[in-house]
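S.K.: My structure is below; once you've seen it, I'll send some questions.
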Amino acid sequence: MGPLVPNLISENLNYILALFIGIAFGAILEQAGFSSSRRLVGLFYGYDFTVLRVFFTAGIVAMVGVMALQHFGLLDMNLVYINPTFLWSAIIGGLIMGLGFVIGGYCPGTSFCAAAIGKLDAVALIAGALVGVFLFAEGYPLFEGLYKAAYLGSPRIYQTLGIPANMFAFVMVVFALAAFGVAGFVERRVNRLPAQTARWTPARVGMVAVGLVLALSASSFTDRKANLLNLSQNDQLVRSYPVEVMSVDEFAFRLMDEEDDRIQVIDFRPEAEIARERLPKSYAFTVENLFEQEPSRLLRLKGKLNVFVANDELTERRLAVIAQELGFKRIAILEGGLQGFREQILNFQPSRPPRDMYEEFTYRFRTKAKQVIPELIRQNRQTAPVKQEKKRVLGGC
Amino acid sequence: MKQGEYMNPYLAGLLLGLLLLATIYITGRGLGASGAIKSVTVAGVAAAAPQHARSAEFYRDYLREHEGAPLKNWLVFEITGVLIGAFLSGLVAGRLKMVTEKGPRVTSRARLVAAFIGGVLWGIGSQLGRGCTSGAALSGMAVMATGGILTMLAIFAGAYAFAYFFRKLWI
C-alpha cells in the first residue's frame, strides 16, 4: 500500500528520486511549450490555451488516478499531503500570484524550465521570486496574522461542498472537456482563423473516448471504505458470508498454550473495555485500522491466524467480512463472541452432570481454563493498542 | 516530432498527470516549485547573516524543520531535476537560445523589469498561498484539497482580472 516513502523507500533515496521526478517534470513542461512566457500568458488574452489543456488534463488524470488507487486500497490517503486550508491567505496569496503571472509571464515551475533553455526574462523572474520570498520573510510579523487566519484544517473539496468525491471528479472531467471545446473556439476567433468544421478525425474520436472513460471511471470509483461499512450492515449477507469460526474451547486452549504462537487475537472492543480485560496474545484494533497502511500490516504477518473478537458474534462477523473483502487472509472469529466466551469459559457453571465421556472432558477442561485464563489476563500487560503512527510527509511549496 | 515543434498539449497533460500520480504514490506528496525558492532564500540568508537567521521567526522555523540544512529539501532536488530535464528537452528540440522573450510592443529592458516585479509578486504570493501553480494548484487538485483548489481559482481569477491592465506587455 502506498505511499512507498518512508517505509519502503528511505528518505535519502527519496532525494535521488526527487531529482529524477524533476527531470521528467522539466522535460514534460518544456515539451508542452511551458518554457515560453508568451504562450503561457496567451491563456489570459485568449490567443493560446495550451496551459489550460495541459494543466487541466494533468489535473483530472492525476485526480482520477488518486481515486482509483484509493478505491483499490493501494494508497493510504492518511499519509498523503493534503494542502491545508487557510481561507484568506489562500485567496489573497492566489490573487497576488495571478497578478504576478500576467506581469511576469511565468509561474515559478515554468520559469525554471524557461531559464534552463536560456530565457533571460525567466532568470529575471526567478531573481524577483527570491527577493519576494526574502521580503515575505523579513515582513513575516506583518503577514503572520493574515497567513494564519481562518484555518479550516485540511478538508477535501468534496467534504467542503458536501457531495460525494466521485460526483465532484465527474463534474470536473465534464467541465474540463467542455472547457477544451470552448478554448478551441475562442482561440480561433482571437487569432482570426476560419472556424473549424467539426470533423470526426481519429485523433478527436480517441480524445473524446479517453475523456469519457475518465469521466465514467471517476463516477465508478466510489469510496471503498463507505461501501464496505455499508456492506457490513447487511445482516443477511453477513450471516451467509463464509467465515472460519473457532470454538470457545479451542480459543481457550490456544490462549493457554504457551507454545502456540500462531494465533493472534485481534480485539475490536472499545479501548476502555480492553484496558480492563486484556486477553493474552491480543492486540487492540479498530475498524479504521483495517483501512490504514501501518496497523493493517499486523494482519499480514506470515503464519498467523487472526481471531477477531468483539462482544457479540455478529459484530465479529461484520468485521471479518470487511477484512476479507479488503483481501486479508487467515481471519477467524470466536464462536458466540466474548459474551459466549465469558459464559462458557470464564464463568463456567455446569448446568447438569456430564452425560458422556466427551462432556466430562469438556467440563474438566473448562473448569481448569476458568482458573488459568483470568490469571493470564491479570499478568498481561504487554499489548498496547496499535496506534496509527502518522508519518505524513510535508509537501506543498 | 519536428525540430522546434511542441508536443500535443493533451498528450503532455496526460504524461504530466501520470507523473504527478506516480509522485503521489511513491512519495506521498505532489510536485512543487516555489518551495525550492524558499529553501534557497533561507540558505542565502543563513549564510550571509547567520545571527539574523537564528532570530527571525520565518528563518528559524524553517531551519529547525530542516535540521539546519535548508538546501536538503525534496523540492530543491526536484527543481534541480527540472533544470536538467528542461535543458535536455530544449537541446533535443533545438530550442536552446539566450533570448529575452517579450511582446511586440515592449523593450527588452521593460520586459526584464516586469519579469522581476512579477517574480517578487510570485515570491510573496506563493508564501502566503502556501504553494504556487505546481504545489498548491496542480497537486492540490490531484488530491482534491480544498486549500489547493481555492488557491488555484484565486490565481486564475487574479490573472484574468489584472490581464487587461498589462495587455501592452503581451499583445
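To be explicit about the labels: the chains of the C-alpha cells are called A, B, and onward in the order shown, and within each one the residues are counted from 1, while ligands get numbers from 1 in the order they are shown.
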Skip segment 318-329 of chain A itself and residues of its chain fewer than 5 positions away, then list as a ChimeraX atom specification all residues within 7 Å of it, counting only C-alpha atoms.
M.R.: /A:228,232,238,290,299-300
S.K.: I'd like the contact shell of Arg38 of chain A - 9 Å cut-off, only C-alpha atoms, skipping same-chain residues fewer than 2 positions apart - returned as an mmCIF file with N, CA, C and O atoms, in the first residue's frame.
M.R.:
```cif
data_model
loop_
_atom_site.group_PDB
_atom_site.id
_atom_site.type_symbol
_atom_site.label_atom_id
_atom_site.label_comp_id
_atom_site.auth_asym_id
_atom_site.auth_seq_id
_atom_site.Cartn_x
_atom_site.Cartn_y
_atom_site.Cartn_z
ATOM 1 N N SER A 36 7.821 29.070 -22.684
ATOM 2 C CA SER A 36 7.603 30.318 -23.416
ATOM 3 C C SER A 36 6.567 31.165 -22.697
ATOM 4 O O SER A 36 5.418 30.749 -22.506
ATOM 5 N N LEU A 40 2.398 31.010 -22.377
ATOM 6 C CA LEU A 40 1.735 30.840 -21.082
ATOM 7 C C LEU A 40 0.642 31.881 -20.869
ATOM 8 O O LEU A 40 -0.500 31.545 -20.531
ATOM 9 N N VAL A 41 1.003 33.166 -21.063
ATOM 10 C CA VAL A 41 0.003 34.204 -20.784
ATOM 11 C C VAL A 41 -1.069 34.263 -21.862
ATOM 12 O O VAL A 41 -2.081 34.948 -21.676
ATOM 13 N N GLY A 42 -0.856 33.563 -22.975
ATOM 14 C CA GLY A 42 -1.887 33.508 -24.021
ATOM 15 C C GLY A 42 -3.222 33.088 -23.435
ATOM 16 O O GLY A 42 -4.291 33.512 -23.902
ATOM 17 N N ASP A 48 -3.863 31.687 -26.883
ATOM 18 C CA ASP A 48 -3.209 30.379 -26.780
ATOM 19 C C ASP A 48 -3.662 29.678 -25.502
ATOM 20 O O ASP A 48 -3.393 30.152 -24.401
ATOM 21 N N GLY A 105 4.802 36.734 -16.562
ATOM 22 C CA GLY A 105 4.739 35.856 -17.731
ATOM 23 C C GLY A 105 5.022 34.387 -17.461
ATOM 24 O O GLY A 105 4.838 33.557 -18.342
ATOM 25 N N TYR A 106 5.522 34.071 -16.284
ATOM 26 C CA TYR A 106 5.755 32.656 -15.949
ATOM 27 C C TYR A 106 5.184 32.396 -14.569
ATOM 28 O O TYR A 106 4.893 33.328 -13.820
ATOM 29 N N GLU B 101 12.300 36.894 -24.033
ATOM 30 C CA GLU B 101 11.029 36.736 -24.741
ATOM 31 C C GLU B 101 10.076 37.847 -24.313
ATOM 32 O O GLU B 101 9.882 38.089 -23.125
ATOM 33 N N LYS B 102 9.497 38.537 -25.277
ATOM 34 C CA LYS B 102 8.647 39.691 -24.930
ATOM 35 C C LYS B 102 7.550 39.880 -25.964
ATOM 36 O O LYS B 102 7.601 39.316 -27.062
ATOM 37 N N GLY B 103 6.594 40.696 -25.573
ATOM 38 C CA GLY B 103 5.528 41.047 -26.505
ATOM 39 C C GLY B 103 6.064 42.002 -27.560
ATOM 40 O O GLY B 103 7.147 42.576 -27.397
ATOM 41 N N TRP B 170 2.077 42.204 -23.656
ATOM 42 C CA TRP B 170 1.964 40.938 -24.395
ATOM 43 C C TRP B 170 1.392 41.033 -25.795
ATOM 44 O O TRP B 170 1.796 40.276 -26.668
#
```
S.K.: Taking 3 positions as the minimum chain separation for residues in the same chain, which residues sit within 8 Å of Asn311 of chain A when counting only C-alpha atoms? Answer as a list in words.
M.R.: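 Near Asn311 of chain A, the qualifying residues are Arg269, Thr315, Gly337, Leu338 and Gln339 of chain A.
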S.K.: So which one's closest to Phe77 of chain B, A:Asn7, A:Ser89, A:Gln233, A:Asn14? Using only C-alpha atoms, please.
M.R.: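 Comparing A:Asn7, A:Ser89, A:Gln233, A:Asn14 against Phe77 of chain B, the winner is A:Asn14.
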S.K.: Taking the DSSP assignment computed from this structure's backbone, write out as a ChimeraX atom specification all residues of segment 34-170 of chain B that belong to alpha helix (DSSP H).
M.R.: /B:34-48,50-55,57-65,74-93,108-128,139-142,146-163
S.K.: Please measure the separation of atom CA of Met144 of chain B and atom CA of Ile157 of chain A, giving the value in Å to one decimal.
M.R.: 5.5 Å
S.K.: Could you name the residues that touch segment 51-61 of chain B at 8 Å or less, counting only C-alpha atoms, but leaving out those on the same chain fewer than 4 positions away, as a compact mmCIF listing (two decimals) with N, CA, C and O atoms, in the first residue's frame?
M.R.:
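Printed below is result.txt as written:
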```txt
# COMPACT_ATOMS: atom_id res chain seq x y z
N ALA A 137 9.74 37.01 4.22
CA ALA A 137 10.41 36.56 5.44
C ALA A 137 10.70 37.73 6.37
O ALA A 137 10.47 37.65 7.57
N GLU A 138 11.21 38.82 5.79
CA GLU A 138 11.55 39.99 6.62
C GLU A 138 10.29 40.63 7.18
O GLU A 138 10.29 41.15 8.29
N TYR A 140 7.59 39.05 7.88
CA TYR A 140 6.73 37.99 8.38
C TYR A 140 5.83 38.41 9.54
O TYR A 140 4.64 38.08 9.55
N VAL B 42 16.31 31.02 2.23
CA VAL B 42 16.69 30.79 3.62
C VAL B 42 18.17 30.44 3.71
O VAL B 42 18.89 30.95 4.58
N VAL B 45 20.21 33.64 3.30
CA VAL B 45 20.19 34.49 4.49
C VAL B 45 21.00 33.84 5.62
O VAL B 45 21.76 34.51 6.31
N ALA B 46 20.87 32.52 5.75
CA ALA B 46 21.60 31.83 6.81
C ALA B 46 23.11 31.94 6.60
O ALA B 46 23.87 31.98 7.56
N GLU B 65 12.99 22.95 11.05
CA GLU B 65 12.36 21.85 10.32
C GLU B 65 13.37 21.09 9.47
O GLU B 65 13.22 19.90 9.22
```
